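**Q** Contents are compact mmCIF, C-alpha atoms; file name protein-v4.txt:
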# COMPACT_ATOMS: atom_id res chain seq x y z
CA MET A 1 -3.27 12.64 -18.41
CA ASP A 2 -6.77 11.58 -19.43
CA VAL A 3 -5.85 7.96 -18.68
CA VAL A 4 -4.89 8.92 -15.12
CA GLU A 5 -8.27 10.55 -14.57
CA ARG A 6 -10.00 7.48 -15.97
CA ILE A 7 -8.18 5.23 -13.52
CA LYS A 8 -9.04 7.58 -10.67
CA SER A 9 -12.72 7.60 -11.65
CA SER A 10 -12.71 3.79 -11.62
CA LEU A 11 -11.01 3.31 -8.27
CA GLU A 12 -11.54 6.36 -6.07
CA PRO A 13 -15.29 5.78 -5.45
CA PHE A 14 -14.25 2.55 -3.74
CA GLY A 15 -11.70 4.10 -1.40
CA TYR A 16 -8.53 3.77 -3.48
CA GLU A 17 -6.37 6.81 -4.21
CA CYS A 18 -4.07 7.14 -7.21
CA ALA A 19 -0.98 9.21 -8.00
CA PRO A 20 1.11 9.14 -11.20
CA PHE A 21 4.86 8.73 -11.40
CA LEU A 22 7.45 7.87 -14.04
CA SER A 23 9.52 4.71 -14.03
CA SER A 24 12.67 6.85 -14.15
CA TRP A 25 11.73 8.58 -10.87
CA TYR A 26 11.34 5.22 -9.18
CA ASN A 27 14.49 3.73 -10.68
CA ALA A 28 16.51 6.73 -9.47
CA VAL A 29 15.82 5.93 -5.79
CA VAL A 30 15.97 2.12 -5.66
CA ASN A 31 18.77 -0.41 -5.91
CA THR A 32 19.45 -1.61 -9.45
CA ARG A 33 18.01 -5.05 -8.67
CA PHE A 34 14.63 -3.46 -7.95
CA GLN A 35 14.51 -1.18 -10.99
CA LEU A 36 11.64 -1.42 -13.47
CA PRO A 37 12.61 -2.69 -16.94
CA TYR A 38 10.68 -0.08 -18.91
CA CYS A 39 11.43 3.05 -20.91
CA GLU A 40 12.53 5.84 -18.60
CA ASN A 41 9.41 7.97 -19.05
CA THR A 42 6.90 5.13 -18.71
CA LEU A 43 3.76 6.25 -16.91
CA CYS A 44 2.95 4.40 -13.68
CA ILE A 45 0.23 4.90 -11.07
CA SER A 46 0.77 4.32 -7.35
CA ILE A 47 -2.40 3.11 -5.61
CA VAL A 48 -3.21 3.19 -1.89
CA SER A 49 -6.28 2.28 0.09
CA ALA A 50 -7.75 5.06 2.21
CA PRO A 51 -9.50 4.26 5.52
CA HIS A 52 -12.94 4.10 3.88
CA MET A 53 -11.88 1.38 1.41
CA PHE A 54 -12.88 -1.24 3.95
CA GLU A 55 -16.53 -0.17 3.94
CA LYS A 56 -16.68 1.07 0.35
CA ALA A 57 -14.96 -1.85 -1.38
CA PHE A 58 -14.00 -4.76 0.85
CA LEU A 59 -17.18 -5.53 2.77
CA PRO A 60 -19.43 -5.18 -0.33
CA PHE A 61 -17.00 -7.41 -2.25
CA VAL A 62 -17.21 -10.08 0.44
CA GLU A 63 -21.02 -9.97 0.47
CA SER A 64 -21.26 -10.29 -3.32
CA SER A 65 -18.57 -12.96 -3.65
CA ARG A 66 -19.22 -15.38 -0.79
CA ASP A 67 -19.51 -18.43 -3.01
CA LYS A 68 -16.26 -17.61 -4.80
CA LEU A 69 -14.39 -16.81 -1.59
CA ALA A 70 -15.48 -19.94 0.29
CA GLY A 71 -12.54 -22.28 0.78
CA VAL A 72 -10.14 -20.28 -1.39
CA CYS A 73 -6.62 -20.22 0.00
CA GLN A 74 -5.94 -16.55 -0.63
CA ASP A 75 -6.34 -13.50 1.56
CA PRO A 76 -9.85 -12.10 0.90
CA LEU A 77 -8.46 -8.57 0.94
CA ASP A 78 -5.94 -9.46 -1.76
CA GLN A 79 -8.79 -10.91 -3.82
CA CYS A 80 -10.75 -7.70 -3.33
CA THR A 81 -7.82 -5.61 -4.55
CA GLN A 82 -7.40 -7.84 -7.59
CA HIS A 83 -11.11 -7.50 -8.37
CA TYR A 84 -11.18 -3.70 -8.39
CA PHE A 85 -7.85 -3.40 -10.16
CA GLN A 86 -9.11 -5.75 -12.89
CA ARG A 87 -12.26 -3.69 -13.34
CA ALA A 88 -10.20 -0.56 -13.95
CA ARG A 89 -7.87 -2.42 -16.32
CA ASP A 90 -10.77 -3.85 -18.30
CA GLU A 91 -12.11 -0.36 -18.95
CA LEU A 92 -8.76 0.69 -20.39
CA CYS A 93 -8.34 -2.54 -22.34
CA ARG A 94 -11.60 -1.92 -24.19
CA ASP A 95 -9.96 1.17 -25.65
CA GLY A 96 -6.75 -0.64 -26.53
CA ILE A 97 -4.70 0.68 -23.59
CA THR A 98 -2.30 -1.86 -22.10
CA CYS A 99 -2.20 -1.66 -18.32
CA GLU A 100 -0.18 -4.00 -16.13
CA ALA A 101 -1.09 -4.38 -12.46
CA VAL A 102 1.59 -4.97 -9.85
CA PHE A 103 0.29 -5.82 -6.39
CA ASP A 104 1.98 -5.15 -3.08
CA PHE A 105 2.17 -8.92 -2.50
CA ASP A 106 3.73 -9.78 -5.89
CA THR A 107 7.21 -11.30 -5.85
CA LEU A 108 9.76 -12.37 -8.44
CA PRO A 109 11.05 -15.97 -8.67
CA SER A 110 13.98 -14.84 -6.53
CA GLY A 111 11.55 -13.95 -3.75
CA GLN A 112 12.15 -10.21 -3.88
CA PRO A 113 9.17 -7.89 -4.33
CA ARG A 114 8.31 -6.86 -7.87
CA LEU A 115 7.80 -3.30 -6.69
CA LEU A 116 8.94 -1.39 -3.61
CA VAL A 117 5.57 0.20 -3.03
CA GLN A 118 6.77 2.68 -0.42
CA SER A 119 9.41 4.02 -2.80
CA ALA A 120 6.80 4.23 -5.57
CA GLY A 121 4.43 6.08 -3.26
CA HIS A 122 7.18 8.50 -2.24
CA VAL A 123 8.24 9.47 -5.77
CA SER A 124 4.58 9.89 -6.77
CA GLY A 125 4.18 12.47 -4.00
CA GLN A 126 1.47 10.36 -2.38
CA ALA A 127 3.14 9.70 0.97
CA ARG A 128 6.58 10.49 2.38
CA PHE A 129 8.90 7.56 3.01
CA TYR A 130 10.77 8.22 6.26
CA GLN A 131 13.99 6.30 6.92
CA ARG A 132 16.63 6.26 9.62
CA GLN A 133 18.78 8.77 7.76
CA ASP A 134 15.90 11.25 7.99
CA VAL A 135 16.22 11.35 11.79
CA SER A 136 18.83 13.22 13.81
CA GLU A 137 19.32 10.94 16.80
CA GLY A 138 20.48 12.35 20.12
CA PRO A 139 19.87 12.51 23.88
CA SER A 140 16.92 14.89 23.54
CA VAL A 141 15.22 12.77 20.89
CA GLY A 142 16.34 9.20 21.36
CA THR A 143 18.83 6.80 19.85
CA TRP A 144 18.83 3.32 18.40
CA PRO A 145 21.72 0.95 19.16
CA GLN A 146 24.41 0.98 16.52
CA GLY A 147 23.83 -1.79 14.01
CA THR A 148 20.10 -2.02 14.76
CA ARG A 149 18.12 -2.26 11.54
CA ILE A 150 15.37 0.33 11.43
CA TYR A 151 12.82 -0.20 8.68
CA GLY A 152 11.39 2.83 6.94
CA ALA A 153 7.69 3.68 6.85
CA CYS A 154 5.43 6.09 5.01
CA ALA A 155 3.20 8.80 6.41
CA HIS A 156 0.26 10.09 4.40
CA PRO A 157 -0.52 13.83 4.58
CA LYS A 158 -4.22 13.14 5.29
CA TYR A 159 -4.26 9.70 6.90
CA GLY A 160 -0.97 9.52 8.79
CA GLY A 161 -0.38 5.79 9.14
CA TRP A 162 -4.03 4.87 8.55
CA PHE A 163 -3.64 3.70 4.97
CA ALA A 164 -1.91 0.97 2.97
CA PHE A 165 -0.16 0.60 -0.36
CA ARG A 166 -1.98 -1.83 -2.62
CA GLY A 167 0.21 -1.74 -5.71
CA ALA A 168 0.60 0.13 -8.98
CA PHE A 169 -0.47 0.24 -12.59
CA ILE A 170 2.19 0.34 -15.29
CA LEU A 171 1.19 1.72 -18.68
CA ARG A 172 4.16 0.50 -20.65
CA ASP A 173 2.99 2.01 -23.96
CA ILE A 174 2.59 5.53 -22.56
CA GLN A 175 5.62 7.79 -22.11
CA LEU A 176 4.97 11.10 -20.40
CA PRO A 177 8.24 13.03 -20.08
CA GLU A 178 6.38 16.28 -19.41
CA LEU A 179 4.94 14.96 -16.13
CA VAL A 180 6.10 17.19 -13.26
CA GLN A 181 7.25 15.44 -10.11
CA CYS A 182 5.72 16.63 -6.83
CA GLN A 183 7.54 16.04 -3.57
CA PRO A 184 5.51 14.28 -0.85
CA PRO A 185 4.54 16.57 2.02
CA ASP A 186 6.87 16.47 5.01
CA VAL A 187 4.35 16.17 7.82
CA MET A 188 6.64 15.52 10.80
CA GLY A 189 9.46 17.20 12.67
CA ASN A 190 12.53 15.34 13.89
CA ASP A 191 11.05 14.23 17.25
CA GLU A 192 7.94 12.89 15.55
CA ARG A 193 10.00 11.08 12.93
CA PHE A 194 11.96 9.27 15.61
CA ARG A 195 8.80 8.25 17.48
CA PHE A 196 7.05 7.23 14.26
CA LEU A 197 9.86 4.92 13.15
CA ASP A 198 10.50 3.63 16.67
CA LEU A 199 6.87 2.64 17.17
CA PHE A 200 6.62 1.20 13.66
CA ASN A 201 9.68 -1.00 14.19
CA HIS A 202 9.18 -2.07 17.80
CA HIS A 203 5.46 -1.75 18.58
CA TRP A 204 3.71 -1.97 15.22
CA ARG A 205 1.07 -4.40 16.44
CA ASP A 206 -0.58 -1.83 18.71
CA GLY A 207 -0.88 0.65 15.82
CA ARG A 208 0.34 3.66 17.79
CA PHE A 209 2.68 4.67 14.96
CA ARG A 210 -0.36 5.48 12.82
CA ASP A 211 -1.30 8.43 15.04
CA VAL A 212 2.12 10.08 15.27
CA PRO A 213 1.75 12.24 12.12
CA PRO A 214 -0.36 15.31 12.98
CA ASP A 215 -3.66 16.44 11.46
CA VAL A 216 -5.00 12.99 10.58
CA VAL A 217 -8.44 13.49 9.01
CA ALA A 218 -9.66 9.87 8.88
CA LYS A 219 -8.85 6.59 10.60
CA TYR A 220 -9.91 2.96 10.32
CA SER A 221 -13.31 2.03 11.72
CA GLU A 222 -13.52 -0.21 14.79
CA LYS A 223 -14.64 -3.07 12.57
CA GLN A 224 -11.64 -2.60 10.30
CA ILE A 225 -9.25 -2.46 13.25
CA GLU A 226 -10.77 -5.68 14.61
CA TYR A 227 -10.28 -7.36 11.23
CA PHE A 228 -6.60 -6.42 10.92
CA ASN A 229 -5.94 -7.33 14.56
CA THR A 230 -7.33 -10.83 13.95
CA ALA A 231 -4.93 -13.63 12.98
CA PRO A 232 -5.09 -14.16 9.18
CA ARG A 233 -6.61 -17.62 9.34
CA GLN A 234 -9.30 -16.48 11.78
CA ARG A 235 -10.40 -13.62 9.52
CA PHE A 236 -12.50 -16.02 7.45
CA LYS A 237 -14.66 -16.75 10.48
CA LEU A 238 -14.92 -13.05 11.24
CA LEU A 239 -16.30 -12.55 7.72
CA GLY A 240 -18.66 -15.47 8.04
CA LEU A 241 -16.67 -17.55 5.54
CA PRO A 242 -15.58 -21.18 5.92
CA GLU A 243 -11.92 -21.66 6.70
CA PRO A 244 -9.88 -23.04 3.78
CA LYS A 245 -9.34 -26.78 4.07
CA SER A 246 -5.83 -26.74 2.66
CA LYS A 247 -2.90 -24.92 4.18
CA TYR A 248 -3.41 -21.18 4.33
CA ASP A 249 0.10 -19.83 4.15
CA LEU A 250 -0.01 -16.41 5.71
CA SER A 251 2.32 -15.15 8.37
CA ASP A 252 0.71 -13.75 11.48
CA ASP A 253 1.01 -10.21 10.18
CA SER A 254 -1.43 -7.47 9.38
CA SER A 255 -2.46 -7.51 5.73
CA ASP A 256 -2.60 -3.76 6.09
CA GLU A 257 1.12 -3.23 6.54
CA ASN A 258 2.32 0.29 5.81
CA GLY A 259 4.06 -0.51 2.56
Do you think you could lay out the structure here as structure tokens?

**A**
Amino acid sequence: MDVVERIKSSLEPFGYECAPFLSSWYNAVVNTRFQLPYCENTLCISIVSAPHMFEKAFLPFVESSRDKLAGVCQDPLDQCTQHYFQRARDELCRDGITCEAVFDFDTLPSGQPRLLVQSAGHVSGQARFYQRQDVSEGPSVGTWPQGTRIYGACAHPKYGGWFAFRGAFILRDIQLPELVQCQPPDVMGNDERFRFLDLFNHHWRDGRFRDVPPDVVAKYSEKQIEYFNTAPRQRFKLLGLPEPKSKYDLSDDSSDENG
């Protein structure tokens, strides 16, 4: 587990939090087309950004990388994540440890995500992935129309909905069958689960879903909320960066989506 502690020491000072899981745990809960093609006990690390990542990592990265960021057609936050992930990987590489990074925005040629980050976070014990089947619908709680697709969302035991999955590390040469799986804390009762998923699916832009889980200990700063509430293309101006000249292909979504 020394390698896990080394990754934590590289990333956690900058507002990222890490939790180990095995590829077999992940493969057991996802559809076969999403399964990881590694040995069943391959060590993986789920990585999320805590609320303070914005001030600890992102804003300093922008200040130190203005020339590199200017005119680049890629989300600055994604570039920040790549930067800090690469730093951690380089430290391991110097000792001959192979570490593959999978980002939350990575896709396969088919268009499907390389990793279902919410499922990875759930099996790591980092955050619980709530889905429609986890809610008992009824008159006293609420119901969704039959056939309505309700997307699942994760709640963090410390941050509620005020966090985001950023990806995972896969250490394909390390098998750790003795790793004990920890279940993610169940932080909400049935009524809260319904409200959490309902707000996430139908009112996600206003962010109210983030506050449904109780006992939240930290939230995004006002500056961070302003950034994520700004249309992707306008975020460059907010950061004092020139807007890319070529097409900037981002949907009008928050880059901080919960999963």

**Q** CA of Pro76 in chain A to CA of Arg235 in chain A: how many Å, to one decimal?

**A**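 Separation of CA of Pro76 in chain A and CA of Arg235 in chain A: 8.8 Å.
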
**Q** If you count all atoms listed in the file, which residues fall within 6 Å of Phe169 in chain A, apart from same-chain ones fewer than 3 positions away, as a short mmCIF file (atom, residue, chain, number, x, y, z; two decimals) with C-alpha atoms, in the coordinates of the input?

**A**
data_model
loop_
_atom_site.label_atom_id
_atom_site.label_comp_id
_atom_site.auth_asym_id
_atom_site.auth_seq_id
_atom_site.Cartn_x
_atom_site.Cartn_y
_atom_site.Cartn_z
CA CYS A 44 2.95 4.40 -13.68
CA ILE A 45 0.23 4.90 -11.07
CA GLU A 100 -0.18 -4.00 -16.13
CA ALA A 101 -1.09 -4.38 -12.46
#

**Q** Sort by chain and increasing residue number a table of all residues of range 99-197 of chain A within 7 Å of range 15-34 of chain A, each with its closest pair of atoms and their distance in Å to one decimal, counting all atoms listed in the file, and write it as a tab-separated table.

**A**
residue	atom	partner	partner_atom	distance
A:Leu115	CA	A:Phe34	CA	6.9
A:Ser119	CA	A:Tyr26	CA	6.8
A:Ala120	CA	A:Tyr26	CA	5.9
A:Val123	CA	A:Trp25	CA	6.2
A:Ser124	CA	A:Phe21	CA	4.8
A:Gln126	CA	A:Ala19	CA	6.2

**Q** Could you work out an axis-aligned box for range 92-111 of chain A, taking every atom the file lists and adding 4 Å on each side, and report centre and edge lengths in Å to one decimal, as JSON?

**A**
{"center_x": 1.2, "center_y": -7.4, "center_z": -14.5, "size_x": 33.6, "size_y": 25.1, "size_z": 32.0}

**Q** For a test of reading the model, state the distance in Å between CA of His156 in chain A and CA of Cys182 in chain A, rounded to one decimal.

**A**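 Computing the Euclidean distance for CA of His156 in chain A and CA of Cys182 in chain A yields 14.1 Å.
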
**Q** Can you work out which one of A:Leu43, A:Leu116, A:Ala164, A:Ala153 has the shortest atom-to-atom distance to Thr98 in chain A, counting all atoms listed in the file?

**A**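 Checking each candidate against Thr98 in chain A, we get A:Leu43 as the closest.
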
**Q** Pick the closest to Leu77 in chain A from A:Asn201, A:Ser110, A:Gln183, A:Gln224: which is it, counting all atoms listed in the file?

**A**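 Result for the nearest residue to Leu77 in chain A: A:Gln224.
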
**Q** Taking only C-alpha atoms into account, which of A:Phe61, A:Tyr130, A:Phe14, A:Phe54 comes nearest Phe194 in chain A?

**A**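 Residue with the minimum atom-to-atom distance to Phe194 in chain A: A:Tyr130.
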
**Q** With all atoms listed in the file as the atoms that count, which of A:Val62, A:Leu36, A:Val48, A:Ala88 lies nearest to Gln118 in chain A?

**A**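 Closest residue, counting all atoms listed in the file: A:Val48.
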
**Q** Would you work out the distance separating CA of Val3 in chain A from CA of Val102 in chain A, expressed in Å to one decimal?

**A**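 Spanning CA of Val3 in chain A to CA of Val102 in chain A is a straight-line distance of 17.3 Å.
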
**Q** I need the residue nearest Thr143 in chain A from this list: A:Val212, A:Gly71, A:Arg195, A:Ala155. Use only C-alpha atoms for the distance.

**A**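 The shortest atom-to-atom distance to Thr143 in chain A comes from A:Arg195.
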
**Q** Closest to Asp198 in chain A among A:Ile174, A:Ala231, A:Val141, A:Leu59, using all atoms listed in the file?

**A**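 Result for the nearest residue to Asp198 in chain A: A:Val141.
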
**Q** With all atoms listed in the file as the counted atoms, please give the residues lying no more than 12 Å from Pro214 in chain A, apart from itself and same-chain residues fewer than 5 positions off, as number ranges by chain.

**A** A: 155-162, 186-189, 192-193, 196, 209
